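So this one's query_5.cif, mmCIF, C-alpha atoms:
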```
data_final
#
loop_
_atom_site.label_atom_id
_atom_site.label_comp_id
_atom_site.auth_asym_id
_atom_site.auth_seq_id
_atom_site.Cartn_x
_atom_site.Cartn_y
_atom_site.Cartn_z
CA MET Z 1 0.00 0.00 0.00
CA LYS Z 2 2.80 2.36 0.87
CA LYS Z 3 4.40 1.72 -2.54
CA ILE Z 4 1.10 2.49 -4.28
CA LEU Z 5 0.67 5.71 -2.31
CA LEU Z 6 4.26 6.68 -3.03
CA ALA Z 7 3.80 6.06 -6.73
CA ALA Z 8 0.60 8.08 -6.74
CA GLY Z 9 2.37 10.89 -4.94
CA LEU Z 10 5.20 10.89 -7.46
CA THR Z 11 2.71 10.90 -10.33
CA THR Z 12 0.91 13.89 -8.81
CA LEU Z 13 4.21 15.67 -8.29
CA MET Z 14 5.26 15.02 -11.88
CA MET Z 15 1.91 16.25 -13.19
CA GLY Z 16 2.22 19.37 -11.07
CA THR Z 17 5.75 19.98 -12.35
CA THR Z 18 4.55 19.58 -15.93
CA ALA Z 19 1.67 21.97 -15.35
CA MET Z 20 4.03 24.53 -13.83
CA ALA Z 21 6.62 24.30 -16.63
CA GLU Z 22 7.15 27.69 -18.23
CA LEU Z 23 7.30 28.21 -21.96
CA GLN Z 24 10.79 29.28 -22.99
CA ILE Z 25 10.64 32.17 -25.44
CA GLY Z 26 13.70 33.64 -27.15
CA VAL Z 27 13.46 37.36 -27.96
CA SER Z 28 15.80 39.19 -30.34
CA VAL Z 29 15.45 42.99 -30.29
CA ALA Z 30 17.05 45.16 -32.98
CA ARG Z 31 18.73 47.44 -30.42
CA PHE Z 32 18.43 47.96 -26.69
CA ASP Z 33 19.52 51.62 -26.79
CA ASP Z 34 16.43 52.82 -28.68
CA ASN Z 35 13.94 54.64 -26.44
CA GLY Z 36 10.84 53.37 -28.22
CA LEU Z 37 12.07 49.79 -28.32
CA THR Z 38 12.93 50.08 -24.62
CA VAL Z 39 9.25 50.78 -23.94
CA MET Z 40 8.40 47.68 -25.97
CA ARG Z 41 10.92 45.59 -24.03
CA ASN Z 42 9.53 46.90 -20.76
CA GLY Z 43 6.09 45.69 -21.85
CA MET Z 44 7.57 42.24 -22.40
CA THR Z 45 9.43 42.25 -19.09
CA ALA Z 46 6.30 43.34 -17.20
CA TYR Z 47 4.34 40.49 -18.78
CA ASP Z 48 7.12 38.03 -17.91
CA ASP Z 49 7.28 39.25 -14.29
CA ALA Z 50 3.52 38.94 -13.85
CA SER Z 51 3.19 35.52 -15.48
CA ASP Z 52 4.19 32.02 -14.43
CA GLU Z 53 3.48 30.84 -17.96
CA VAL Z 54 6.57 32.12 -19.75
CA SER Z 55 10.27 32.74 -19.30
CA LEU Z 56 11.98 35.16 -21.68
CA GLN Z 57 15.54 35.03 -22.95
CA MET Z 58 16.08 38.51 -24.40
CA GLU Z 59 19.02 39.39 -26.66
CA ASP Z 60 20.30 42.68 -28.13
CA ALA Z 61 21.06 42.41 -31.87
CA THR Z 62 22.89 45.79 -31.76
CA ASP Z 63 21.55 46.68 -35.21
CA ASP Z 64 23.50 43.79 -36.76
CA VAL Z 65 21.55 41.57 -39.18
CA ALA Z 66 24.05 38.70 -39.06
CA LYS Z 67 24.11 38.79 -35.27
CA GLN Z 68 20.33 38.66 -35.14
CA LEU Z 69 20.18 35.63 -37.43
CA ASP Z 70 22.78 33.93 -35.22
CA GLN Z 71 20.62 34.65 -32.18
CA ILE Z 72 17.62 33.06 -33.86
CA ASN Z 73 19.62 29.97 -34.80
CA ASN Z 74 20.93 29.75 -31.24
CA PHE Z 75 17.40 29.98 -29.86
CA ILE Z 76 16.37 27.11 -32.14
CA ALA Z 77 19.38 25.03 -31.13
CA SER Z 78 18.66 25.59 -27.43
CA GLY Z 79 15.13 24.22 -27.85
CA VAL Z 80 13.01 27.29 -27.10
CA ASP Z 81 9.24 26.92 -27.47
CA ALA Z 82 8.85 30.10 -29.52
CA ILE Z 83 10.81 33.06 -30.86
CA ILE Z 84 9.94 36.77 -30.99
CA VAL Z 85 11.86 39.05 -33.36
CA ASN Z 86 12.05 42.82 -33.64
CA ALA Z 87 13.89 42.87 -36.95
CA VAL Z 88 17.07 44.87 -37.53
CA ASP Z 89 16.40 44.89 -41.26
CA THR Z 90 12.86 44.10 -42.37
CA ASN Z 91 14.23 43.05 -45.76
CA ALA Z 92 16.17 40.21 -44.12
CA THR Z 93 13.32 38.40 -42.43
CA GLU Z 94 12.76 35.64 -44.97
CA ALA Z 95 15.84 33.73 -43.79
CA MET Z 96 14.61 34.01 -40.20
CA SER Z 97 11.17 32.68 -41.14
CA ASN Z 98 12.68 29.80 -43.07
CA ALA Z 99 14.96 28.78 -40.20
CA ALA Z 100 12.14 28.81 -37.66
CA ALA Z 101 9.72 27.03 -39.99
CA ALA Z 102 12.24 24.29 -40.77
CA ALA Z 103 12.72 23.69 -37.04
CA GLY Z 104 8.99 23.82 -36.32
CA VAL Z 105 9.40 26.70 -33.86
CA PRO Z 106 6.62 29.34 -33.77
CA LEU Z 107 7.88 32.82 -34.67
CA VAL Z 108 6.34 36.23 -33.96
CA TYR Z 109 7.60 39.45 -35.51
CA VAL Z 110 6.91 42.51 -33.38
CA ASN Z 111 6.81 46.25 -34.19
CA ARG Z 112 8.59 46.00 -37.56
CA GLN Z 113 6.81 44.35 -40.47
CA PRO Z 114 8.70 41.53 -42.19
CA VAL Z 115 9.27 41.78 -45.93
CA ASN Z 116 7.72 38.32 -46.38
CA MET Z 117 4.48 39.31 -44.65
CA ASP Z 118 2.36 37.95 -47.50
CA THR Z 119 4.04 34.55 -47.41
CA LEU Z 120 4.59 33.95 -43.70
CA PRO Z 121 4.69 30.19 -43.01
CA ASP Z 122 2.17 28.55 -40.72
CA GLY Z 123 3.00 29.15 -37.08
CA GLN Z 124 4.21 32.71 -37.68
CA ALA Z 125 2.56 36.09 -37.12
CA PHE Z 126 3.18 39.84 -36.93
CA VAL Z 127 2.17 42.06 -33.99
CA ALA Z 128 2.38 45.83 -34.41
CA SER Z 129 0.34 48.88 -35.31
CA ASN Z 130 -0.78 49.81 -38.83
CA GLU Z 131 1.89 52.20 -40.09
CA ILE Z 132 -0.50 53.69 -42.62
CA GLU Z 133 -2.29 55.20 -39.61
CA SER Z 134 0.83 56.58 -37.92
CA GLY Z 135 2.24 58.87 -40.58
CA THR Z 136 -1.21 59.75 -41.89
CA LEU Z 137 -2.53 60.87 -38.50
CA ALA Z 138 0.55 63.00 -37.81
CA ALA Z 139 0.77 64.53 -41.28
CA PHE Z 140 -2.92 65.38 -41.50
CA GLN Z 141 -2.90 67.05 -38.08
CA MET Z 142 0.17 69.07 -39.08
CA CYS Z 143 -1.66 70.11 -42.25
CA ARG Z 144 -4.70 71.21 -40.23
CA GLN Z 145 -2.51 73.20 -37.84
CA LEU Z 146 -0.63 74.94 -40.64
CA ARG Z 147 -3.95 75.92 -42.23
CA ALA Z 148 -5.21 77.21 -38.87
CA GLU Z 149 -2.07 79.34 -38.60
CA GLY Z 150 -2.80 80.96 -41.96
CA LYS Z 151 -0.20 79.05 -43.96
CA ALA Z 152 -2.62 77.63 -46.56
CA GLY Z 153 -1.10 79.96 -49.16
CA GLY Z 154 2.11 77.94 -49.00
CA ALA Z 155 4.14 76.13 -46.37
CA ARG Z 156 7.56 74.45 -46.52
CA ALA Z 157 8.62 71.36 -44.60
CA TYR Z 158 11.56 69.13 -43.82
CA VAL Z 159 11.15 65.37 -43.35
CA LEU Z 160 13.41 63.28 -41.11
CA VAL Z 161 13.36 59.67 -42.27
CA GLY Z 162 14.11 56.57 -40.18
CA GLN Z 163 16.36 53.72 -41.24
CA LEU Z 164 15.80 53.08 -44.94
CA SER Z 165 15.94 49.32 -44.33
CA ASN Z 166 12.90 49.61 -42.08
CA GLN Z 167 9.38 49.24 -43.42
CA ALA Z 168 7.98 51.73 -40.89
CA ALA Z 169 10.29 54.47 -42.13
CA VAL Z 170 9.30 53.87 -45.74
CA GLN Z 171 5.59 53.77 -44.92
CA ARG Z 172 5.54 56.82 -42.64
CA THR Z 173 7.36 58.87 -45.26
CA LYS Z 174 4.92 57.68 -47.91
CA ASP Z 175 2.05 58.63 -45.58
CA PHE Z 176 3.35 62.20 -45.40
CA HIS Z 177 3.65 62.40 -49.17
CA ASP Z 178 0.14 60.97 -49.59
CA VAL Z 179 -1.34 63.54 -47.21
CA ILE Z 180 0.30 66.53 -48.89
CA GLY Z 181 -0.96 65.16 -52.19
CA MET Z 182 -4.54 65.74 -50.99
CA ASP Z 183 -6.32 68.89 -52.17
CA MET Z 184 -6.66 70.12 -48.60
CA CYS Z 185 -2.94 69.81 -47.89
CA ASN Z 186 -1.20 70.32 -51.23
CA PHE Z 187 -0.06 73.78 -50.14
CA ILE Z 188 2.81 72.02 -48.30
CA THR Z 189 6.10 71.63 -50.17
CA ILE Z 190 8.91 69.38 -48.96
CA ILE Z 191 12.23 71.22 -49.07
CA ASP Z 192 14.31 68.13 -48.30
CA GLU Z 193 14.03 64.69 -46.71
CA GLN Z 194 16.93 62.63 -45.46
CA THR Z 195 17.50 59.74 -43.12
CA ALA Z 196 18.60 60.28 -39.53
CA ASN Z 197 18.28 56.58 -38.70
CA TRP Z 198 15.75 57.03 -35.86
CA SER Z 199 18.50 58.85 -33.90
CA ARG Z 200 18.10 62.07 -31.89
CA ASP Z 201 21.80 62.93 -32.33
CA GLU Z 202 21.78 62.32 -36.09
CA ALA Z 203 18.60 64.38 -36.44
CA ASN Z 204 20.20 67.22 -34.48
CA ASP Z 205 23.17 67.20 -36.86
CA LEU Z 206 20.96 66.98 -39.95
CA MET Z 207 18.68 69.80 -38.79
CA THR Z 208 21.74 71.93 -38.03
CA ASN Z 209 22.94 71.41 -41.60
CA TRP Z 210 19.54 72.33 -42.99
CA LEU Z 211 19.46 75.48 -40.87
CA SER Z 212 22.85 76.51 -42.22
CA SER Z 213 21.30 76.78 -45.70
CA GLY Z 214 19.13 79.66 -44.54
CA ASP Z 215 15.98 78.29 -46.22
CA GLU Z 216 12.73 79.38 -44.64
CA PHE Z 217 10.49 76.57 -43.41
CA ASP Z 218 7.28 76.08 -41.46
CA ALA Z 219 7.22 72.45 -40.39
CA VAL Z 220 9.37 69.44 -39.51
CA PHE Z 221 8.02 65.91 -39.61
CA GLY Z 222 10.02 63.11 -37.99
CA ASN Z 223 9.29 59.46 -38.69
CA ASN Z 224 9.69 59.05 -34.91
CA ASP Z 225 9.81 61.24 -31.82
CA GLU Z 226 13.54 60.82 -31.27
CA MET Z 227 14.33 62.50 -34.58
CA ALA Z 228 11.72 65.20 -34.00
CA LEU Z 229 13.33 65.92 -30.62
CA GLY Z 230 16.77 66.12 -32.21
CA ALA Z 231 15.43 68.66 -34.71
CA ILE Z 232 13.89 70.67 -31.86
CA GLN Z 233 17.26 70.74 -30.06
CA ALA Z 234 18.96 72.08 -33.17
CA MET Z 235 16.30 74.71 -33.79
CA LYS Z 236 16.33 75.94 -30.20
CA ALA Z 237 20.13 76.08 -30.24
CA SER Z 238 19.84 78.34 -33.30
CA GLY Z 239 17.40 80.64 -31.51
CA ILE Z 240 14.31 79.62 -33.49
CA SER Z 241 11.05 80.05 -31.61
CA MET Z 242 9.11 76.81 -31.51
CA ASP Z 243 5.93 78.87 -31.83
CA ASP Z 244 6.94 79.48 -35.45
CA VAL Z 245 7.40 75.83 -36.49
CA VAL Z 246 4.96 72.91 -36.49
CA VAL Z 247 6.83 69.79 -35.35
CA GLY Z 248 5.43 66.28 -35.54
CA GLY Z 249 6.65 62.79 -34.68
CA VAL Z 250 5.43 59.28 -33.93
CA ASP Z 251 5.51 57.12 -30.78
CA ALA Z 252 4.39 59.48 -27.97
CA THR Z 253 7.48 58.63 -25.91
CA SER Z 254 7.76 60.20 -22.46
CA ASP Z 255 10.36 62.70 -23.73
CA ALA Z 256 8.07 63.71 -26.58
CA LEU Z 257 5.15 64.24 -24.22
CA LEU Z 258 7.35 66.43 -22.01
CA ALA Z 259 8.38 68.44 -25.09
CA MET Z 260 4.73 68.85 -26.01
CA SER Z 261 3.82 70.03 -22.52
CA ALA Z 262 6.66 72.59 -22.80
CA GLY Z 263 5.20 73.88 -26.08
CA ASP Z 264 8.06 72.60 -28.25
CA MET Z 265 6.28 69.74 -30.03
CA ASP Z 266 2.89 69.99 -31.68
CA VAL Z 267 1.91 66.50 -32.82
CA THR Z 268 2.79 62.90 -32.07
CA VAL Z 269 1.03 59.58 -32.41
CA PHE Z 270 0.74 57.15 -29.55
CA GLN Z 271 2.08 53.77 -30.51
CA ASP Z 272 1.31 51.31 -27.73
CA LEU Z 273 4.79 49.83 -27.73
CA ALA Z 274 4.35 48.18 -24.34
CA GLY Z 275 1.11 46.69 -25.64
CA GLN Z 276 2.93 45.42 -28.72
CA GLY Z 277 5.53 43.76 -26.51
CA ALA Z 278 2.92 42.06 -24.34
CA GLY Z 279 0.81 41.21 -27.39
CA SER Z 280 3.75 39.48 -29.06
CA ILE Z 281 4.11 37.17 -26.05
CA GLU Z 282 0.39 36.41 -26.00
CA THR Z 283 0.53 35.63 -29.72
CA ALA Z 284 3.57 33.37 -29.24
CA ILE Z 285 1.76 31.47 -26.48
CA ALA Z 286 -1.29 31.02 -28.70
CA LEU Z 287 0.87 29.69 -31.54
CA VAL Z 288 2.60 27.22 -29.21
CA ASN Z 289 -0.81 26.03 -28.01
CA GLY Z 290 -1.99 25.53 -31.58
CA ASP Z 291 -4.70 28.19 -31.35
CA ASP Z 292 -6.02 30.00 -34.43
CA VAL Z 293 -4.05 33.22 -34.76
CA ASP Z 294 -4.42 35.96 -37.38
CA LYS Z 295 -1.24 36.54 -39.37
CA THR Z 296 -1.45 40.22 -38.46
CA VAL Z 297 -2.42 41.52 -35.02
CA PHE Z 298 -2.82 45.30 -35.07
CA ILE Z 299 -2.83 47.52 -31.98
CA PRO Z 300 -4.34 50.95 -32.91
CA PHE Z 301 -2.41 54.23 -33.06
CA LYS Z 302 -3.87 57.32 -31.36
CA LEU Z 303 -3.27 60.96 -32.28
CA VAL Z 304 -1.76 63.08 -29.50
CA THR Z 305 -1.98 66.89 -29.45
CA PRO Z 306 -1.81 69.45 -26.65
CA GLU Z 307 -5.61 69.20 -26.38
CA ASN Z 308 -5.57 65.54 -25.28
CA LEU Z 309 -2.04 65.38 -23.89
CA ALA Z 310 -3.27 64.82 -20.34
CA ASP Z 311 -4.76 61.49 -21.41
CA PHE Z 312 -1.27 60.14 -22.19
CA ILE Z 313 0.83 61.54 -19.35
CA GLN Z 314 1.08 59.08 -16.47
#
```

Before anything else, please render the file you have as structure tokens.
Amino acid sequence: MKKILLAAGLTTLMMGTTAMAELQIGVSVARFDDNGLTVMRNGMTAYDDASDEVSLQMEDATDDVAKQLDQINNFIASGVDAIIVNAVDTNATEAMSNAAAAAGVPLVYVNRQPVNMDTLPDGQAFVASNEIESGTLAAFQMCRQLRAEGKAGGARAYVLVGQLSNQAAVQRTKDFHDVIGMDMCNFITIIDEQTANWSRDEANDLMTNWLSSGDEFDAVFGNNDEMALGAIQAMKASGISMDDVVVGGVDATSDALLAMSAGDMDVTVFQDLAGQGAGSIETAIALVNGDDVDKTVFIPFKLVTPENLADFIQ
């Protein structure tokens, strides 16, 4: 009898251990030193801390495509249950998809849309926000503000572009062009657009160079807040009043919201980066469990202006 009871106890213990086993998820992030991606990572970490269901192994790809592919292969070799990727180069995702698919490991892309979106293998998905909304919301609001300021007779703008290898940068720039192609907004002319690689420092340098030309301008649109903030730094250092320039960005980072509250920034778009991070984990879990998952999981953008700023400051 004792042997039977002991066996039953061991069986119960083993079942309990199995039930408590956490899913091992490997996460490769394009770069840890990006403010927006840090918010996304924090969303992942918060989910991990609050859940007994998953354990994350998070790696910094340091903006190196080859390093990121190595990380993915190492995750596969270590036997993770799923992989989450924030791609360094969205044009290089097909190899990642193929490696994960061949190994039968579910893969979730987060924040940056893979180039092979239309042909993602089974067991793979994309979690982000619809970039057509981001640039369109910001550009249209900037157009409305310029009109309200009496600039409908003609306004000139600079555009700060993110990394050219990144789908979001391409789409947000296209959004701006599409908006100023509308009858209501075609009074806006782009003086120049160049990449500042999502970087505040690079945007500061680029804006400083533009200012040295002496061209008059009315607006600056950054593909993200970091670049918009870099442009603001350069303009303020040159003695330009921020009341005279409409500045827009995307992400609604804490620094951008502070700049808006100070009157330096006019428009941004809230991208729920923490929600994307948590959503990517939830999607990975669903894929591991064999649940039906849409190939694309969108988390909506929201326009942020001084009028609704209080809703986004925590």

message: Here's the selection I'm unsure about, the PyMOL selection byres ((chain Z and resi 202) around 12); applied to the file above, which residues does it give, as a PyMOL selection string?
response: chain Z and resi 160-163+194-201+203-209+222+226-231+233-234

Exercise: residues within 10 Å of coordinate (-0.4, 65.9, -48.3), counting all atoms listed in the file, as a PyMOL selection string: chain Z and resi 136+139-140+142-143+174-190

Selected residue of minimal separation from Asp81 of chain Z among Z:Glu59, Z:Glu216, Z:Glu22, Z:Glu131, counting all atoms listed in the file: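 Closest to Asp81 of chain Z, using all atoms listed in the file: Z:Glu22.
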
For Ala99 of chain Z: contacts at 9 Å, all atoms listed in the file, fewer than 5 positions along chain excluded, given as an MDAnalysis selection string: chainID Z and resid 72:73 76 94 104:105

Interatomic distance (Å, one decimal) between atom CA of Asp264 of chain Z and atom CA of Met242 of chain Z: 5.4 Å

Nearest to Val293 of chain Z, chosen from Z:Tyr158, Z:Tyr109, Z:Phe126, Z:Phe217, with all atoms listed in the file counted in the distances: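 The closest residue to Val293 of chain Z is Z:Phe126.
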
task: Select, counting all atoms listed in the file, all protein, DNA and RNA residues no farther than 9 Å from (5.1, 25.8, -40.9) in file coordinates, and express the selection as a ChimeraX atom specification.
output: /Z:98,100-106,120-124

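For the atom pair formed by atom CA of Asp291 of chain Z and atom CA of Ala125 of chain Z, the distance is 12.2 Å, given to one decimal.
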
message: I'd like the interatomic distance between atom CA of Ala278 of chain Z and atom CA of Gln57 of chain Z, to a tenth of an Å.
response: 14.5 Å

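Across the chains present, the PyMOL selection byres ((chain Z and resi 128) around 7) applied to this file returns Val110, Asn111, Arg112, Phe126, Val127, Ser129, Asn130, Gln276, Val297, Phe298 and Ile299 of chain Z.
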
Give as a PDB file with C-alpha atoms, in the coordinates of the input the residues that the PyMOL selection byres ((chain Z and resi 259) around 12) matches when applied to the coordinates above.
```pdb
ATOM      1  CA  ASP Z 225       9.810  61.240 -31.820  1.00  0.00           C
ATOM      2  CA  GLU Z 226      13.540  60.820 -31.270  1.00  0.00           C
ATOM      3  CA  ALA Z 228      11.720  65.200 -34.000  1.00  0.00           C
ATOM      4  CA  LEU Z 229      13.330  65.920 -30.620  1.00  0.00           C
ATOM      5  CA  GLY Z 230      16.770  66.120 -32.210  1.00  0.00           C
ATOM      6  CA  ALA Z 231      15.430  68.660 -34.710  1.00  0.00           C
ATOM      7  CA  ILE Z 232      13.890  70.670 -31.860  1.00  0.00           C
ATOM      8  CA  GLN Z 233      17.260  70.740 -30.060  1.00  0.00           C
ATOM      9  CA  MET Z 242       9.110  76.810 -31.510  1.00  0.00           C
ATOM     10  CA  VAL Z 247       6.830  69.790 -35.350  1.00  0.00           C
ATOM     11  CA  GLY Z 248       5.430  66.280 -35.540  1.00  0.00           C
ATOM     12  CA  GLY Z 249       6.650  62.790 -34.680  1.00  0.00           C
ATOM     13  CA  ALA Z 252       4.390  59.480 -27.970  1.00  0.00           C
ATOM     14  CA  THR Z 253       7.480  58.630 -25.910  1.00  0.00           C
ATOM     15  CA  SER Z 254       7.760  60.200 -22.460  1.00  0.00           C
ATOM     16  CA  ASP Z 255      10.360  62.700 -23.730  1.00  0.00           C
ATOM     17  CA  ALA Z 256       8.070  63.710 -26.580  1.00  0.00           C
ATOM     18  CA  LEU Z 257       5.150  64.240 -24.220  1.00  0.00           C
ATOM     19  CA  LEU Z 258       7.350  66.430 -22.010  1.00  0.00           C
ATOM     20  CA  MET Z 260       4.730  68.850 -26.010  1.00  0.00           C
ATOM     21  CA  SER Z 261       3.820  70.030 -22.520  1.00  0.00           C
ATOM     22  CA  ALA Z 262       6.660  72.590 -22.800  1.00  0.00           C
ATOM     23  CA  GLY Z 263       5.200  73.880 -26.080  1.00  0.00           C
ATOM     24  CA  ASP Z 264       8.060  72.600 -28.250  1.00  0.00           C
ATOM     25  CA  MET Z 265       6.280  69.740 -30.030  1.00  0.00           C
ATOM     26  CA  ASP Z 266       2.890  69.990 -31.680  1.00  0.00           C
ATOM     27  CA  VAL Z 267       1.910  66.500 -32.820  1.00  0.00           C
ATOM     28  CA  THR Z 268       2.790  62.900 -32.070  1.00  0.00           C
ATOM     29  CA  THR Z 305      -1.980  66.890 -29.450  1.00  0.00           C
ATOM     30  CA  PRO Z 306      -1.810  69.450 -26.650  1.00  0.00           C
ATOM     31  CA  LEU Z 309      -2.040  65.380 -23.890  1.00  0.00           C
ATOM     32  CA  ILE Z 313       0.830  61.540 -19.350  1.00  0.00           C
TER      33      ILE Z 313
END
```

Kindly write segment 258-277 of chain Z with N, CA and C atoms to a file, as a PDB file, in the first residue's frame.
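Output (decode_30.pdb):
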```
ATOM      1  N   LEU Z 258       6.803  65.312 -22.787  1.00  0.00           N
ATOM      2  CA  LEU Z 258       7.353  66.432 -22.015  1.00  0.00           C
ATOM      3  C   LEU Z 258       7.619  67.624 -22.922  1.00  0.00           C
ATOM      4  N   ALA Z 259       8.125  67.355 -24.133  1.00  0.00           N
ATOM      5  CA  ALA Z 259       8.376  68.440 -25.088  1.00  0.00           C
ATOM      6  C   ALA Z 259       7.074  69.096 -25.510  1.00  0.00           C
ATOM      7  N   MET Z 260       6.023  68.292 -25.646  1.00  0.00           N
ATOM      8  CA  MET Z 260       4.728  68.854 -26.010  1.00  0.00           C
ATOM      9  C   MET Z 260       4.178  69.711 -24.871  1.00  0.00           C
ATOM     10  N   SER Z 261       4.319  69.256 -23.663  1.00  0.00           N
ATOM     11  CA  SER Z 261       3.822  70.028 -22.518  1.00  0.00           C
ATOM     12  C   SER Z 261       4.591  71.338 -22.366  1.00  0.00           C
ATOM     13  N   ALA Z 262       5.847  71.365 -22.854  1.00  0.00           N
ATOM     14  CA  ALA Z 262       6.655  72.586 -22.802  1.00  0.00           C
ATOM     15  C   ALA Z 262       6.380  73.508 -23.982  1.00  0.00           C
ATOM     16  N   GLY Z 263       5.542  73.054 -24.923  1.00  0.00           N
ATOM     17  CA  GLY Z 263       5.202  73.878 -26.077  1.00  0.00           C
ATOM     18  C   GLY Z 263       6.157  73.740 -27.243  1.00  0.00           C
ATOM     19  N   ASP Z 264       7.059  72.753 -27.188  1.00  0.00           N
ATOM     20  CA  ASP Z 264       8.056  72.602 -28.247  1.00  0.00           C
ATOM     21  C   ASP Z 264       7.597  71.675 -29.372  1.00  0.00           C
ATOM     22  N   MET Z 265       6.733  70.735 -29.046  1.00  0.00           N
ATOM     23  CA  MET Z 265       6.283  69.744 -30.025  1.00  0.00           C
ATOM     24  C   MET Z 265       4.779  69.861 -30.181  1.00  0.00           C
ATOM     25  N   ASP Z 266       4.299  69.737 -31.408  1.00  0.00           N
ATOM     26  CA  ASP Z 266       2.889  69.990 -31.678  1.00  0.00           C
ATOM     27  C   ASP Z 266       2.060  68.727 -31.861  1.00  0.00           C
ATOM     28  N   VAL Z 267       2.664  67.702 -32.441  1.00  0.00           N
ATOM     29  CA  VAL Z 267       1.905  66.504 -32.817  1.00  0.00           C
ATOM     30  C   VAL Z 267       2.762  65.261 -32.594  1.00  0.00           C
ATOM     31  N   THR Z 268       2.181  64.222 -32.033  1.00  0.00           N
ATOM     32  CA  THR Z 268       2.790  62.901 -32.068  1.00  0.00           C
ATOM     33  C   THR Z 268       1.662  61.881 -32.157  1.00  0.00           C
ATOM     34  N   VAL Z 269       2.022  60.640 -32.290  1.00  0.00           N
ATOM     35  CA  VAL Z 269       1.029  59.578 -32.413  1.00  0.00           C
ATOM     36  C   VAL Z 269       1.395  58.470 -31.444  1.00  0.00           C
ATOM     37  N   PHE Z 270       0.469  58.173 -30.563  1.00  0.00           N
ATOM     38  CA  PHE Z 270       0.736  57.146 -29.550  1.00  0.00           C
ATOM     39  C   PHE Z 270       0.766  55.771 -30.189  1.00  0.00           C
ATOM     40  N   GLN Z 271       1.921  55.156 -30.092  1.00  0.00           N
ATOM     41  CA  GLN Z 271       2.078  53.771 -30.508  1.00  0.00           C
ATOM     42  C   GLN Z 271       2.223  52.961 -29.224  1.00  0.00           C
ATOM     43  N   ASP Z 272       1.302  52.068 -28.970  1.00  0.00           N
ATOM     44  CA  ASP Z 272       1.307  51.306 -27.725  1.00  0.00           C
ATOM     45  C   ASP Z 272       2.408  50.248 -27.788  1.00  0.00           C
ATOM     46  N   LEU Z 273       3.640  50.719 -27.603  1.00  0.00           N
ATOM     47  CA  LEU Z 273       4.789  49.832 -27.731  1.00  0.00           C
ATOM     48  C   LEU Z 273       4.804  48.769 -26.634  1.00  0.00           C
ATOM     49  N   ALA Z 274       4.433  49.169 -25.427  1.00  0.00           N
ATOM     50  CA  ALA Z 274       4.351  48.179 -24.343  1.00  0.00           C
ATOM     51  C   ALA Z 274       3.281  47.141 -24.664  1.00  0.00           C
ATOM     52  N   GLY Z 275       2.171  47.606 -25.233  1.00  0.00           N
ATOM     53  CA  GLY Z 275       1.105  46.692 -25.636  1.00  0.00           C
ATOM     54  C   GLY Z 275       1.546  45.757 -26.749  1.00  0.00           C
ATOM     55  N   GLN Z 276       2.383  46.271 -27.663  1.00  0.00           N
ATOM     56  CA  GLN Z 276       2.926  45.415 -28.717  1.00  0.00           C
ATOM     57  C   GLN Z 276       3.813  44.327 -28.110  1.00  0.00           C
ATOM     58  N   GLY Z 277       4.650  44.730 -27.146  1.00  0.00           N
ATOM     59  CA  GLY Z 277       5.531  43.759 -26.506  1.00  0.00           C
ATOM     60  C   GLY Z 277       4.753  42.654 -25.821  1.00  0.00           C
TER      61      GLY Z 277
END
```
